[in-house]
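Engineer: Sharing work-v2.cif, mmCIF, C-alpha atoms; chains and numbers go by the auth columns:
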data_data
#
loop_
_atom_site.group_PDB
_atom_site.id
_atom_site.type_symbol
_atom_site.label_atom_id
_atom_site.label_comp_id
_atom_site.label_asym_id
_atom_site.label_seq_id
_atom_site.Cartn_x
_atom_site.Cartn_y
_atom_site.Cartn_z
_atom_site.B_iso_or_equiv
_atom_site.auth_seq_id
_atom_site.auth_asym_id
ATOM 1 C CA MET A 1 -10.223 -14.453 -5.506 0.00 1 A
ATOM 2 C CA GLN A 2 -6.796 -15.824 -6.339 0.00 2 A
ATOM 3 C CA ASP A 3 -5.573 -17.986 -3.446 0.00 3 A
ATOM 4 C CA SER A 4 -1.925 -17.586 -4.425 0.00 4 A
ATOM 5 C CA LEU A 5 -1.987 -13.773 -4.797 0.00 5 A
ATOM 6 C CA ILE A 6 -0.984 -11.144 -2.238 0.00 6 A
ATOM 7 C CA PHE A 7 -1.057 -7.364 -2.641 0.00 7 A
ATOM 8 C CA ASP A 8 1.717 -5.577 -0.723 0.00 8 A
ATOM 9 C CA ILE A 9 0.511 -1.975 -0.848 0.00 9 A
ATOM 10 C CA GLY A 10 3.318 0.227 0.422 0.00 10 A
ATOM 11 C CA CYS A 11 5.985 -2.392 -0.182 0.00 11 A
ATOM 12 C CA HIS A 12 8.830 -0.188 1.088 0.00 12 A
ATOM 13 C CA ARG A 13 12.005 -2.319 1.054 0.00 13 A
ATOM 14 C CA GLY A 14 10.150 -5.580 0.508 0.00 14 A
ATOM 15 C CA GLU A 15 10.499 -7.184 3.928 0.00 15 A
ATOM 16 C CA ASP A 16 6.900 -8.422 3.882 0.00 16 A
ATOM 17 C CA SER A 17 7.037 -9.364 0.199 0.00 17 A
ATOM 18 C CA ASP A 18 10.114 -11.477 0.850 0.00 18 A
ATOM 19 C CA PHE A 19 8.202 -13.407 3.524 0.00 19 A
ATOM 20 C CA TYR A 20 5.207 -13.949 1.210 0.00 20 A
ATOM 21 C CA LEU A 21 7.404 -15.102 -1.665 0.00 21 A
ATOM 22 C CA LYS A 22 9.165 -17.627 0.577 0.00 22 A
ATOM 23 C CA LYS A 23 5.724 -19.003 1.475 0.00 23 A
ATOM 24 C CA GLY A 24 5.019 -19.582 -2.227 0.00 24 A
ATOM 25 C CA PHE A 25 2.728 -16.640 -2.935 0.00 25 A
ATOM 26 C CA ARG A 26 2.774 -14.405 -6.007 0.00 26 A
ATOM 27 C CA VAL A 27 3.120 -10.748 -4.954 0.00 27 A
ATOM 28 C CA ILE A 28 1.890 -7.532 -6.519 0.00 28 A
ATOM 29 C CA ALA A 29 3.953 -4.844 -4.791 0.00 29 A
ATOM 30 C CA VAL A 30 2.877 -1.206 -4.981 0.00 30 A
ATOM 31 C CA GLU A 31 5.548 1.371 -4.133 0.00 31 A
ATOM 32 C CA ALA A 32 5.541 5.083 -4.978 0.00 32 A
ATOM 33 C CA ASN A 33 9.103 5.996 -3.977 0.00 33 A
ATOM 34 C CA PRO A 34 11.297 5.681 -7.108 0.00 34 A
ATOM 35 C CA ALA A 35 14.480 5.063 -5.070 0.00 35 A
ATOM 36 C CA LEU A 36 12.830 2.172 -3.236 0.00 36 A
ATOM 37 C CA CYS A 37 11.535 0.776 -6.539 0.00 37 A
ATOM 38 C CA ARG A 38 15.116 0.635 -7.837 0.00 38 A
ATOM 39 C CA GLU A 39 16.145 -1.299 -4.722 0.00 39 A
ATOM 40 C CA LEU A 40 13.205 -3.693 -5.117 0.00 40 A
ATOM 41 C CA LYS A 41 14.115 -4.418 -8.742 0.00 41 A
ATOM 42 C CA GLN A 42 17.588 -5.475 -7.666 0.00 42 A
ATOM 43 C CA LYS A 43 16.503 -7.399 -4.575 0.00 43 A
ATOM 44 C CA PHE A 44 13.795 -9.359 -6.388 0.00 44 A
ATOM 45 C CA ALA A 45 15.323 -9.663 -9.864 0.00 45 A
ATOM 46 C CA ASP A 46 14.885 -13.455 -9.970 0.00 46 A
ATOM 47 C CA GLN A 47 11.278 -13.330 -8.752 0.00 47 A
ATOM 48 C CA ILE A 48 10.484 -10.572 -11.258 0.00 48 A
ATOM 49 C CA ALA A 49 11.991 -12.669 -14.054 0.00 49 A
ATOM 50 C CA ASP A 50 9.850 -15.687 -13.183 0.00 50 A
ATOM 51 C CA GLY A 51 6.679 -13.595 -12.761 0.00 51 A
ATOM 52 C CA ARG A 52 6.182 -14.174 -9.029 0.00 52 A
ATOM 53 C CA PHE A 53 6.870 -10.535 -8.113 0.00 53 A
ATOM 54 C CA VAL A 54 5.395 -7.550 -9.933 0.00 54 A
ATOM 55 C CA ILE A 55 6.263 -3.976 -8.957 0.00 55 A
ATOM 56 C CA VAL A 56 3.664 -1.292 -9.620 0.00 56 A
ATOM 57 C CA GLU A 57 5.695 1.919 -9.445 0.00 57 A
ATOM 58 C CA LYS A 58 2.824 4.210 -8.516 0.00 58 A
ATOM 59 C CA ALA A 59 1.018 5.722 -5.559 0.00 59 A
ATOM 60 C CA ILE A 60 -2.505 4.649 -4.663 0.00 60 A
ATOM 61 C CA ALA A 61 -4.595 7.817 -4.930 0.00 61 A
ATOM 62 C CA GLU A 62 -8.141 9.078 -5.406 0.00 62 A
ATOM 63 C CA GLN A 63 -7.612 9.248 -9.166 0.00 63 A
ATOM 64 C CA ALA A 64 -5.166 8.036 -11.777 0.00 64 A
ATOM 65 C CA GLY A 65 -2.595 10.411 -13.219 0.00 65 A
ATOM 66 C CA GLU A 66 0.038 12.101 -11.105 0.00 66 A
ATOM 67 C CA VAL A 67 0.161 12.968 -7.418 0.00 67 A
ATOM 68 C CA GLU A 68 2.515 14.759 -5.057 0.00 68 A
ATOM 69 C CA PHE A 69 4.503 12.306 -2.957 0.00 69 A
ATOM 70 C CA PHE A 70 6.484 13.364 0.091 0.00 70 A
ATOM 71 C CA VAL A 71 9.731 11.443 0.602 0.00 71 A
ATOM 72 C CA ASN A 72 10.872 11.413 4.217 0.00 72 A
ATOM 73 C CA GLU A 73 14.616 12.130 4.226 0.00 73 A
ATOM 74 C CA LYS A 74 15.334 10.242 7.465 0.00 74 A
ATOM 75 C CA ALA A 75 12.765 7.454 7.524 0.00 75 A
ATOM 76 C CA SER A 76 11.758 6.255 4.053 0.00 76 A
ATOM 77 C CA ILE A 77 8.958 4.206 5.590 0.00 77 A
ATOM 78 C CA TRP A 78 7.066 7.464 6.243 0.00 78 A
ATOM 79 C CA GLY A 79 6.685 8.463 2.577 0.00 79 A
ATOM 80 C CA THR A 80 3.134 9.653 1.902 0.00 80 A
ATOM 81 C CA ILE A 81 0.729 11.452 -0.417 0.00 81 A
ATOM 82 C CA ARG A 82 -0.983 13.036 2.599 0.00 82 A
ATOM 83 C CA ALA A 83 0.136 16.534 3.589 0.00 83 A
ATOM 84 C CA GLU A 84 -1.385 16.053 7.048 0.00 84 A
ATOM 85 C CA MET A 85 0.962 13.104 7.638 0.00 85 A
ATOM 86 C CA VAL A 86 3.891 15.296 6.649 0.00 86 A
ATOM 87 C CA LYS A 87 2.842 17.893 9.223 0.00 87 A
ATOM 88 C CA ARG A 88 2.453 15.234 11.912 0.00 88 A
ATOM 89 C CA ASN A 89 5.918 13.784 11.254 0.00 89 A
ATOM 90 C CA GLN A 90 7.580 17.188 11.006 0.00 90 A
ATOM 91 C CA TYR A 91 6.867 17.678 14.720 0.00 91 A
ATOM 92 C CA SER A 92 9.431 14.941 15.373 0.00 92 A
ATOM 93 C CA GLY A 93 12.019 16.686 13.186 0.00 93 A
ATOM 94 C CA ALA A 94 11.379 14.760 9.967 0.00 94 A
ATOM 95 C CA MET A 95 12.316 16.511 6.724 0.00 95 A
ATOM 96 C CA PHE A 96 10.467 15.811 3.478 0.00 96 A
ATOM 97 C CA THR A 97 11.147 16.318 -0.210 0.00 97 A
ATOM 98 C CA LYS A 98 8.120 16.709 -2.468 0.00 98 A
ATOM 99 C CA ILE A 99 8.196 14.867 -5.806 0.00 99 A
ATOM 100 C CA VAL A 100 5.537 14.012 -8.375 0.00 100 A
ATOM 101 C CA VAL A 101 4.849 10.326 -9.073 0.00 101 A
ATOM 102 C CA PRO A 102 2.389 8.357 -11.200 0.00 102 A
ATOM 103 C CA ALA A 103 -0.864 7.432 -9.446 0.00 103 A
ATOM 104 C CA ILE A 104 -3.355 4.608 -9.773 0.00 104 A
ATOM 105 C CA THR A 105 -6.681 3.934 -8.090 0.00 105 A
ATOM 106 C CA PHE A 106 -6.991 0.808 -6.008 0.00 106 A
ATOM 107 C CA ALA A 107 -10.013 -0.339 -8.035 0.00 107 A
ATOM 108 C CA SER A 108 -7.989 -0.247 -11.247 0.00 108 A
ATOM 109 C CA LEU A 109 -5.248 -2.294 -9.564 0.00 109 A
ATOM 110 C CA VAL A 110 -7.850 -4.947 -8.699 0.00 110 A
ATOM 111 C CA GLU A 111 -9.246 -4.833 -12.231 0.00 111 A
ATOM 112 C CA GLN A 112 -5.754 -5.418 -13.624 0.00 112 A
ATOM 113 C CA PHE A 113 -4.565 -8.179 -11.261 0.00 113 A
ATOM 114 C CA GLY A 114 -7.660 -9.629 -9.586 0.00 114 A
ATOM 115 C CA ILE A 115 -8.790 -9.994 -5.985 0.00 115 A
ATOM 116 C CA PRO A 116 -5.900 -11.066 -3.754 0.00 116 A
ATOM 117 C CA TYR A 117 -6.090 -13.707 -1.049 0.00 117 A
ATOM 118 C CA TYR A 118 -4.421 -11.264 1.354 0.00 118 A
ATOM 119 C CA LEU A 119 -4.285 -7.474 1.150 0.00 119 A
ATOM 120 C CA LYS A 120 -1.553 -5.771 3.187 0.00 120 A
ATOM 121 C CA ILE A 121 -1.938 -1.972 3.263 0.00 121 A
ATOM 122 C CA ASP A 122 0.653 0.408 4.726 0.00 122 A
ATOM 123 C CA ILE A 123 0.561 3.724 2.880 0.00 123 A
ATOM 124 C CA GLU A 124 0.837 6.307 5.635 0.00 124 A
ATOM 125 C CA GLY A 125 -2.533 7.967 5.934 0.00 125 A
ATOM 126 C CA ALA A 126 -4.076 6.741 2.678 0.00 126 A
ATOM 127 C CA ASP A 127 -4.891 3.161 3.699 0.00 127 A
ATOM 128 C CA LEU A 128 -8.624 3.881 3.564 0.00 128 A
ATOM 129 C CA LEU A 129 -8.383 4.401 -0.225 0.00 129 A
ATOM 130 C CA CYS A 130 -7.723 0.680 -0.633 0.00 130 A
ATOM 131 C CA GLN A 131 -10.521 -0.381 1.672 0.00 131 A
ATOM 132 C CA GLU A 132 -12.988 1.927 -0.073 0.00 132 A
ATOM 133 C CA GLY A 133 -11.668 0.693 -3.417 0.00 133 A
ATOM 134 C CA LEU A 134 -12.987 -2.784 -2.603 0.00 134 A
ATOM 135 C CA LEU A 135 -16.614 -1.629 -2.344 0.00 135 A
ATOM 136 C CA PRO A 136 -17.485 -2.047 -6.058 0.00 136 A
ATOM 137 C CA PHE A 137 -16.350 -5.678 -6.075 0.00 137 A
ATOM 138 C CA ARG A 138 -18.552 -8.583 -5.059 0.00 138 A
ATOM 139 C CA LYS A 139 -15.572 -10.742 -4.038 0.00 139 A
ATOM 140 C CA ARG A 140 -13.138 -9.560 -1.367 0.00 140 A
ATOM 141 C CA PRO A 141 -9.760 -10.643 -0.022 0.00 141 A
ATOM 142 C CA ARG A 142 -9.919 -13.310 2.643 0.00 142 A
ATOM 143 C CA PHE A 143 -7.536 -11.323 4.857 0.00 143 A
ATOM 144 C CA VAL A 144 -6.785 -7.586 5.127 0.00 144 A
ATOM 145 C CA SER A 145 -4.333 -5.668 7.302 0.00 145 A
ATOM 146 C CA PHE A 146 -3.958 -1.903 7.512 0.00 146 A
ATOM 147 C CA GLU A 147 -2.734 0.859 9.797 0.00 147 A
ATOM 148 C CA HIS A 148 -5.040 3.039 11.792 0.00 148 A
ATOM 149 C CA ASP A 149 -3.516 6.528 11.647 0.00 149 A
ATOM 150 C CA GLN A 150 -6.387 8.497 13.102 0.00 150 A
ATOM 151 C CA ASP A 151 -6.282 10.315 16.421 0.00 151 A
ATOM 152 C CA HIS A 152 -10.006 10.174 17.120 0.00 152 A
ATOM 153 C CA LEU A 153 -12.338 7.386 18.172 0.00 153 A
ATOM 154 C CA LEU A 154 -14.915 8.562 15.625 0.00 154 A
ATOM 155 C CA ALA A 155 -12.460 7.887 12.777 0.00 155 A
ATOM 156 C CA LEU A 156 -11.796 4.380 14.108 0.00 156 A
ATOM 157 C CA ARG A 157 -15.535 3.730 14.253 0.00 157 A
ATOM 158 C CA GLY A 158 -15.803 4.819 10.604 0.00 158 A
ATOM 159 C CA GLU A 159 -13.055 2.396 9.593 0.00 159 A
ATOM 160 C CA MET A 160 -14.712 -0.451 11.496 0.00 160 A
ATOM 161 C CA SER A 161 -18.051 0.392 9.864 0.00 161 A
ATOM 162 C CA LEU A 162 -16.418 0.208 6.433 0.00 162 A
ATOM 163 C CA LEU A 163 -14.831 -3.163 7.253 0.00 163 A
ATOM 164 C CA LYS A 164 -18.233 -4.448 8.363 0.00 164 A
ATOM 165 C CA ARG A 165 -19.748 -3.309 5.030 0.00 165 A
ATOM 166 C CA LEU A 166 -16.939 -5.136 3.231 0.00 166 A
ATOM 167 C CA GLY A 167 -17.751 -8.333 5.125 0.00 167 A
#
Show the structure stored in the file as structure tokens.
Structural biologist:
Amino acid sequence: MQDSLIFDIGCHRGEDSDFYLKKGFRVIAVEANPALCRELKQKFADQIADGRFVIVEKAIAEQAGEVEFFVNEKASIWGTIRAEMVKRNQYSGAMFTKIVVPAITFASLVEQFGIPYYLKIDIEGADLLCQEGLLPFRKRPRFVSFEHDQDHLLALRGEMSLLKRLG
């Protein structure tokens, strides 16, 4: 584990990354939305230049390659690779545009950058991919945060069971 490393999975506009950088951490930011990646490159140009901020312009998915990504036209924070999340958000009037983006598995991200001290996950319905991606590794992040997007108690129990297995 690298005590100075944080993964910001679902970086969005970099609000959390900015906080981590100000605390002295190095940040690996994963963001699938190309428009948000352009914003991040401008916002964090100095930190990118000095190697403290790395943008991985890909979606976390079940396999590497390409994946459909749904950009929410009104609330960019709700971008997702999960069609069921699109359906859920459409009930509130949200409109989505489907694009194709590069994809990476969480395990390959860990292999490339190492185990972070803190793992922040916010990828609208696909958070579990990151948690499951930690299973092959003996070492784990000291801290993990994620969203619970399920509507059923059984799903929450499954997530808690996985966290228990991860230690």
Engineer: Near A:Ile55, counting all atoms listed in the file, which residues have an atom at most 8 Å away, once you skip same-chain residues fewer than 6 positions from it, shown as a tab-separated table (two decimals) with C-alpha atoms, in the frame of the given file?
Structural biologist:
chain	number	residue	atom	x	y	z
A	28	ILE	CA	1.89	-7.53	-6.52
A	29	ALA	CA	3.95	-4.84	-4.79
A	30	VAL	CA	2.88	-1.21	-4.98
A	31	GLU	CA	5.55	1.37	-4.13
A	37	CYS	CA	11.54	0.78	-6.54
A	40	LEU	CA	13.20	-3.69	-5.12
A	41	LYS	CA	14.12	-4.42	-8.74
Engineer: Hey, what comes out of the PyMOL selection byres ((chain A and resi 167) around 10) on this file? Could you write it as a PyMOL selection string?
Structural biologist: chain A and resi 139-142+161-166
Engineer: Write out as CSV the residues of stretch 5-97 of chain A that have any atom within 8 Å of an atom of stretch 109-131 of chain A, one row each with the nearest atom pair and its distance in Å to one decimal, counting all atoms listed in the file, sorted by chain and then rising number.
Structural biologist:
residue,atom,partner,partner_atom,distance
A:Leu5,CA,A:Pro116,CA,4.9
A:Ile6,CA,A:Tyr118,CA,5.0
A:Phe7,CA,A:Leu119,CA,5.0
A:Asp8,CA,A:Lys120,CA,5.1
A:Ile9,CA,A:Ile121,CA,4.8
A:Gly10,CA,A:Asp122,CA,5.1
A:Cys11,CA,A:Asp122,CA,7.8
A:Ile60,CA,A:Leu129,CA,7.4
A:Ala61,CA,A:Leu129,CA,6.9
A:Glu62,CA,A:Leu129,CA,7.0
A:Trp78,CA,A:Glu124,CA,6.4
A:Gly79,CA,A:Glu124,CA,6.9
A:Thr80,CA,A:Glu124,CA,5.5
A:Ile81,CA,A:Ala126,CA,7.4
A:Arg82,CA,A:Gly125,CA,6.3
A:Met85,CA,A:Gly125,CA,6.4
Engineer: Could you tell me which residues the PyMOL selection byres ((chain A and resi 47) around 12) grabs in this file, written as a list in words?
Structural biologist: Ser17, Asp18, Tyr20, Leu21, Lys22, Gly24, Phe25, Arg26, Val27, Ile28, Ala29, Leu40, Lys41, Gln42, Lys43, Phe44, Ala45, Asp46, Ile48, Ala49, Asp50, Gly51, Arg52, Phe53, Val54 and Ile55 of chain A
Engineer: Quick one, how far is atom CA of A:Ile77 from atom CA of A:Phe106?
Structural biologist: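 Going from atom CA of A:Ile77 over to atom CA of A:Phe106 covers 20.0 Å.
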Engineer: Please evaluate the PyMOL selection byres ((chain A and resi 100) around 12) against the structure above and give the resulting residues as an NGL selection string.
Structural biologist: :A and (32-34 or 58-59 or 65-71 or 80-81 or 97-99 or 101-103)
Engineer: Which one is closest to A:Lys74: A:Gly14, A:Val144, A:Asp3, A:Met95? Count all atoms listed in the file.
Structural biologist: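 Using all atoms listed in the file, A:Lys74 sits closest to A:Met95.
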Engineer: So how far away is atom CA of A:Ser108 from atom CA of A:Ala64, in Å?
Structural biologist: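 Computing the Euclidean distance for atom CA of A:Ala64 and atom CA of A:Ser108 yields 8.8 Å.
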Engineer: Quick one: 6 Å padding each side, axis-aligned, all listed atoms of stretch 28-47 of chain A - centre and edge lengths in Å to one decimal, as JSON?
Structural biologist:
{"center_x": 9.7, "center_y": -3.7, "center_z": -6.6, "size_x": 27.7, "size_y": 31.5, "size_z": 18.7}
Engineer: Using Å and a single decimal, report how far atom CA of A:Glu84 sits from atom CA of A:Val56.
Structural biologist: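 Those two atoms sit 24.6 Å apart.
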